Amino acid sequence: MVRQKVLVLYLANSALDSPVVAWAVYDGSGETRPMAGDADHPPYRTGVDALRDGWRLIQASQILPHARGEEFDLAYLKYEFFFEQLVETAA
Amino acid sequence: MSDTPLLSSLDMARFVARGFLRFDAVVPDEINAQFLAETGEAPAPVEGRKVLGALGALFAQSAIPEVAPGTPLAQAYAQGSAVRRLLDLPLVRGAIQSLAGPDPVFDHHFLHVTFPPAYYEAGGGENVSQHTHQDSTVDPARGFDLQVMYYPHAVTREMGGTRFVPGTHLRKVSEVALGRYQNIRGQQHMVCEAGTLLFLHSGIWHGGGVNLSDRTRTMFKIRMNPSAPQVRRWDLSTLPAEPARRPIFYVKTPQPETVESILMTPEPWFEQDTGRLEFVNRIKLWRHLAGDAAFDADYWLTRLENPARAEAAL
């Protein structure tokens, strides 16, 4: 069976070769159980390092203009990149 | 001279910049022991009883009172109780008065108990850490509520501890909408001695860590609201008369620690562009707390608010 592993990287700017500032892993194979707070060091230095390790980029956040009057408002992390790997698992 | 030691300007700047102040092992052992006696021991794991059931049994036996929101904090706990004694410690009174102002109002409290694996093996459910979140709901106010987290016993890394991300408190987010962020550079885990206190800006991102030890972990949290503007409540004798104007970008020598240098210290998770907006928002919070609408650090707002530029735009 094929299952999906998902890696989400949050980068320091919109360039895929900028440093990782936050990350998440979700493992559809069930072999690991990543969770909040389980690592203090990122799995890759940059998004490109994840590509080099075989992760496929499937989504990147848009670069959006700033609404007038809300230029200084901050909320969620801005530079989000979704990657996947397809892994074979036992039936 | 007052017996309430107010926070210094540098400590206030640290709180404005990072959203927390930590005081290790400042609650006497006697109060820690009294608090744990008043809460009681968690019941042993029972086959088929879920963790929530064990938590409910612990609440039922606890001497910590139920308190309605809106109660003056000074009336929330009985004289002589462990929590009242904790709140009466000079350091605690001074920090609360500096950050929340006089006569704060009780919002809510909670006894956070994190159970070890044996409880999940007996009762089912998955033993995982809590998703990172911001408490309450989206809060666009300039001021803030104060949250005090109290650790009555020593916490090891294996016990999980509260995870929090310094510097996230000025982001306007909706509770656990940020739960997708499993790990953030610079996150901290509360590994501490008994009697440690965290004073938190209500906006800081945090979550409970998974407990992999063989005992329960207890943390008691109190949220309080200001009852008056949080303006100029700290030890103003430590506030320099003039802001420290210092060179920016092209700097040859290390700069001394000042309110400005603290406000301009980035966190490891800062994005390169929005990190500058974080500085702007810290300056705005300092303006609010200091009652000084002209305050600036490193020229960020002076540049943007230059009246000559506004005139030119007409």
# chains A, B, ... in the order shown; residues from 1 in each chain; ligands from 1
call {"tool": "residues_around", "arguments": {"residues": "Leu6 (chain B)", "least_positions_apart": "5", "cutoff": "7 Å", "atoms": "only C-alpha atoms", "output": "PDB file with N, CA and C atoms, in the first residue's frame"}}
result
ATOM      1  N   GLY B  94       4.259  42.629  43.343  1.00  0.00           N
ATOM      2  CA  GLY B  94       4.929  43.652  42.539  1.00  0.00           C
ATOM      3  C   GLY B  94       4.810  43.392  41.049  1.00  0.00           C
ATOM      4  N   ALA B  95       4.952  42.123  40.659  1.00  0.00           N
ATOM      5  CA  ALA B  95       4.852  41.802  39.229  1.00  0.00           C
ATOM      6  C   ALA B  95       3.427  42.028  38.729  1.00  0.00           C
ATOM      7  N   SER B  98       2.723  45.735  38.472  1.00  0.00           N
ATOM      8  CA  SER B  98       3.469  46.351  37.368  1.00  0.00           C
ATOM      9  C   SER B  98       2.846  46.020  36.018  1.00  0.00           C
ATOM     10  N   TRP B 234       4.975  50.406  36.633  1.00  0.00           N
ATOM     11  CA  TRP B 234       6.177  49.762  37.164  1.00  0.00           C
ATOM     12  C   TRP B 234       7.041  50.785  37.900  1.00  0.00           C
ATOM     13  N   ASP B 235       8.260  50.412  38.247  1.00  0.00           N
ATOM     14  CA  ASP B 235       9.148  51.296  39.000  1.00  0.00           C
ATOM     15  C   ASP B 235       9.699  52.361  38.060  1.00  0.00           C
TER      16      ASP B 235
END
call {"tool": "interface_residues", "arguments": {"of": "chain A", "to": "chain B", "cutoff": "6 Å", "atoms": "only C-alpha atoms", "output": "list in words"}}
result
Ala12, Val21, Ala22, Trp23, Ala24, Ala36, Gly37, Phe72, Leu74 and Ala75 of chain A
call {"tool": "write_last_selection", "arguments": {"atoms": "N, CA and C atoms", "output": "PDB file, in the first residue's frame"}}
result
ATOM      1  N   ALA A  12      11.799  31.739   6.327  1.00  0.00           N
ATOM      2  CA  ALA A  12      12.038  33.109   6.788  1.00  0.00           C
ATOM      3  C   ALA A  12      11.610  34.153   5.768  1.00  0.00           C
ATOM      4  N   VAL A  21      11.914  28.329   9.883  1.00  0.00           N
ATOM      5  CA  VAL A  21      11.663  28.907  11.215  1.00  0.00           C
ATOM      6  C   VAL A  21      10.656  28.088  12.015  1.00  0.00           C
ATOM      7  N   ALA A  22       9.855  27.257  11.322  1.00  0.00           N
ATOM      8  CA  ALA A  22       8.909  26.378  12.028  1.00  0.00           C
ATOM      9  C   ALA A  22       8.619  25.201  11.100  1.00  0.00           C
ATOM     10  N   TRP A  23       8.077  24.108  11.674  1.00  0.00           N
ATOM     11  CA  TRP A  23       7.872  22.928  10.841  1.00  0.00           C
ATOM     12  C   TRP A  23       6.872  21.980  11.497  1.00  0.00           C
ATOM     13  N   ALA A  24       6.361  21.063  10.642  1.00  0.00           N
ATOM     14  CA  ALA A  24       5.461  20.013  11.135  1.00  0.00           C
ATOM     15  C   ALA A  24       5.600  18.803  10.217  1.00  0.00           C
ATOM     16  N   ALA A  36       3.198  18.087  18.601  1.00  0.00           N
ATOM     17  CA  ALA A  36       3.672  19.422  18.987  1.00  0.00           C
ATOM     18  C   ALA A  36       4.798  19.314  20.005  1.00  0.00           C
ATOM     19  N   GLY A  37       5.836  20.081  19.774  1.00  0.00           N
ATOM     20  CA  GLY A  37       6.910  20.185  20.748  1.00  0.00           C
ATOM     21  C   GLY A  37       7.880  19.024  20.766  1.00  0.00           C
ATOM     22  N   PHE A  72       0.580  46.752   9.819  1.00  0.00           N
ATOM     23  CA  PHE A  72       1.428  46.251  10.908  1.00  0.00           C
ATOM     24  C   PHE A  72       0.812  45.055  11.623  1.00  0.00           C
ATOM     25  N   LEU A  74      -0.088  41.430  12.527  1.00  0.00           N
ATOM     26  CA  LEU A  74       0.520  40.120  12.286  1.00  0.00           C
ATOM     27  C   LEU A  74      -0.364  39.039  12.880  1.00  0.00           C
ATOM     28  N   ALA A  75      -0.411  37.913  12.190  1.00  0.00           N
ATOM     29  CA  ALA A  75      -1.207  36.799  12.709  1.00  0.00           C
ATOM     30  C   ALA A  75      -0.428  35.489  12.505  1.00  0.00           C
TER      31      ALA A  75
END
call {"tool": "atom_distance", "arguments": {"atom1": "CA of Leu7 (chain A)", "atom2": "CA of Pro43 (chain A)"}}
result
9.6 Å
call {"tool": "select_by_dssp", "arguments": {"residues": "chain A", "states": "strand (DSSP E)", "output": "ChimeraX atom specification"}}
result
/A:2-11,20-27,56-60,80-88
call {"tool": "write_last_selection", "arguments": {"atoms": "C-alpha atoms", "output": "PDB file, in the first residue's frame"}}
result
ATOM      1  CA  VAL A   2       1.090   3.540  -0.628  1.00  0.00           C
ATOM      2  CA  ARG A   3       0.664   6.149   2.087  1.00  0.00           C
ATOM      3  CA  GLN A   4       1.431   9.848   2.210  1.00  0.00           C
ATOM      4  CA  LYS A   5       3.857  11.605   4.522  1.00  0.00           C
ATOM      5  CA  VAL A   6       3.490  15.370   4.736  1.00  0.00           C
ATOM      6  CA  LEU A   7       6.138  17.896   5.705  1.00  0.00           C
ATOM      7  CA  VAL A   8       5.189  21.528   6.313  1.00  0.00           C
ATOM      8  CA  LEU A   9       7.991  24.052   6.439  1.00  0.00           C
ATOM      9  CA  TYR A  10       7.653  27.703   7.417  1.00  0.00           C
ATOM     10  CA  LEU A  11      10.489  29.755   5.972  1.00  0.00           C
ATOM     11  CA  VAL A  20      13.257  27.135   8.229  1.00  0.00           C
ATOM     12  CA  VAL A  21      11.663  28.907  11.215  1.00  0.00           C
ATOM     13  CA  ALA A  22       8.909  26.378  12.028  1.00  0.00           C
ATOM     14  CA  TRP A  23       7.872  22.928  10.841  1.00  0.00           C
ATOM     15  CA  ALA A  24       5.461  20.013  11.135  1.00  0.00           C
ATOM     16  CA  VAL A  25       5.407  16.387  10.014  1.00  0.00           C
ATOM     17  CA  TYR A  26       2.333  14.188   9.544  1.00  0.00           C
ATOM     18  CA  ASP A  27       2.908  10.511   8.853  1.00  0.00           C
ATOM     19  CA  ARG A  56       8.039  16.867  -3.428  1.00  0.00           C
ATOM     20  CA  LEU A  57       6.690  20.413  -3.107  1.00  0.00           C
ATOM     21  CA  ILE A  58       2.897  20.360  -3.506  1.00  0.00           C
ATOM     22  CA  GLN A  59       1.809  23.792  -2.254  1.00  0.00           C
ATOM     23  CA  ALA A  60       3.303  27.180  -1.441  1.00  0.00           C
ATOM     24  CA  GLU A  80       4.218  28.036   4.310  1.00  0.00           C
ATOM     25  CA  PHE A  81       5.393  25.218   2.046  1.00  0.00           C
ATOM     26  CA  PHE A  82       3.762  21.773   1.893  1.00  0.00           C
ATOM     27  CA  PHE A  83       5.808  18.762   0.771  1.00  0.00           C
ATOM     28  CA  GLU A  84       4.914  15.102   0.394  1.00  0.00           C
ATOM     29  CA  GLN A  85       6.554  11.720   0.142  1.00  0.00           C
ATOM     30  CA  LEU A  86       4.728   8.570  -0.923  1.00  0.00           C
ATOM     31  CA  VAL A  87       5.881   5.560   1.051  1.00  0.00           C
ATOM     32  CA  GLU A  88       5.174   1.855   0.713  1.00  0.00           C
TER      33      GLU A  88
END
call {"tool": "select_by_dssp", "arguments": {"residues": "chain A", "states": "helix (DSSP H, G or I)", "output": "list in words"}}
result
Gly47, Val48, Asp49, Ala50, Leu51 and Arg52 of chain A
call {"tool": "closest_residue", "arguments": {"among": "B:Phe15, B:Phe144, B:Phe199, B:Phe295", "to": "Ala244 (chain B)", "atoms": "only C-alpha atoms"}}
result
B:Phe295
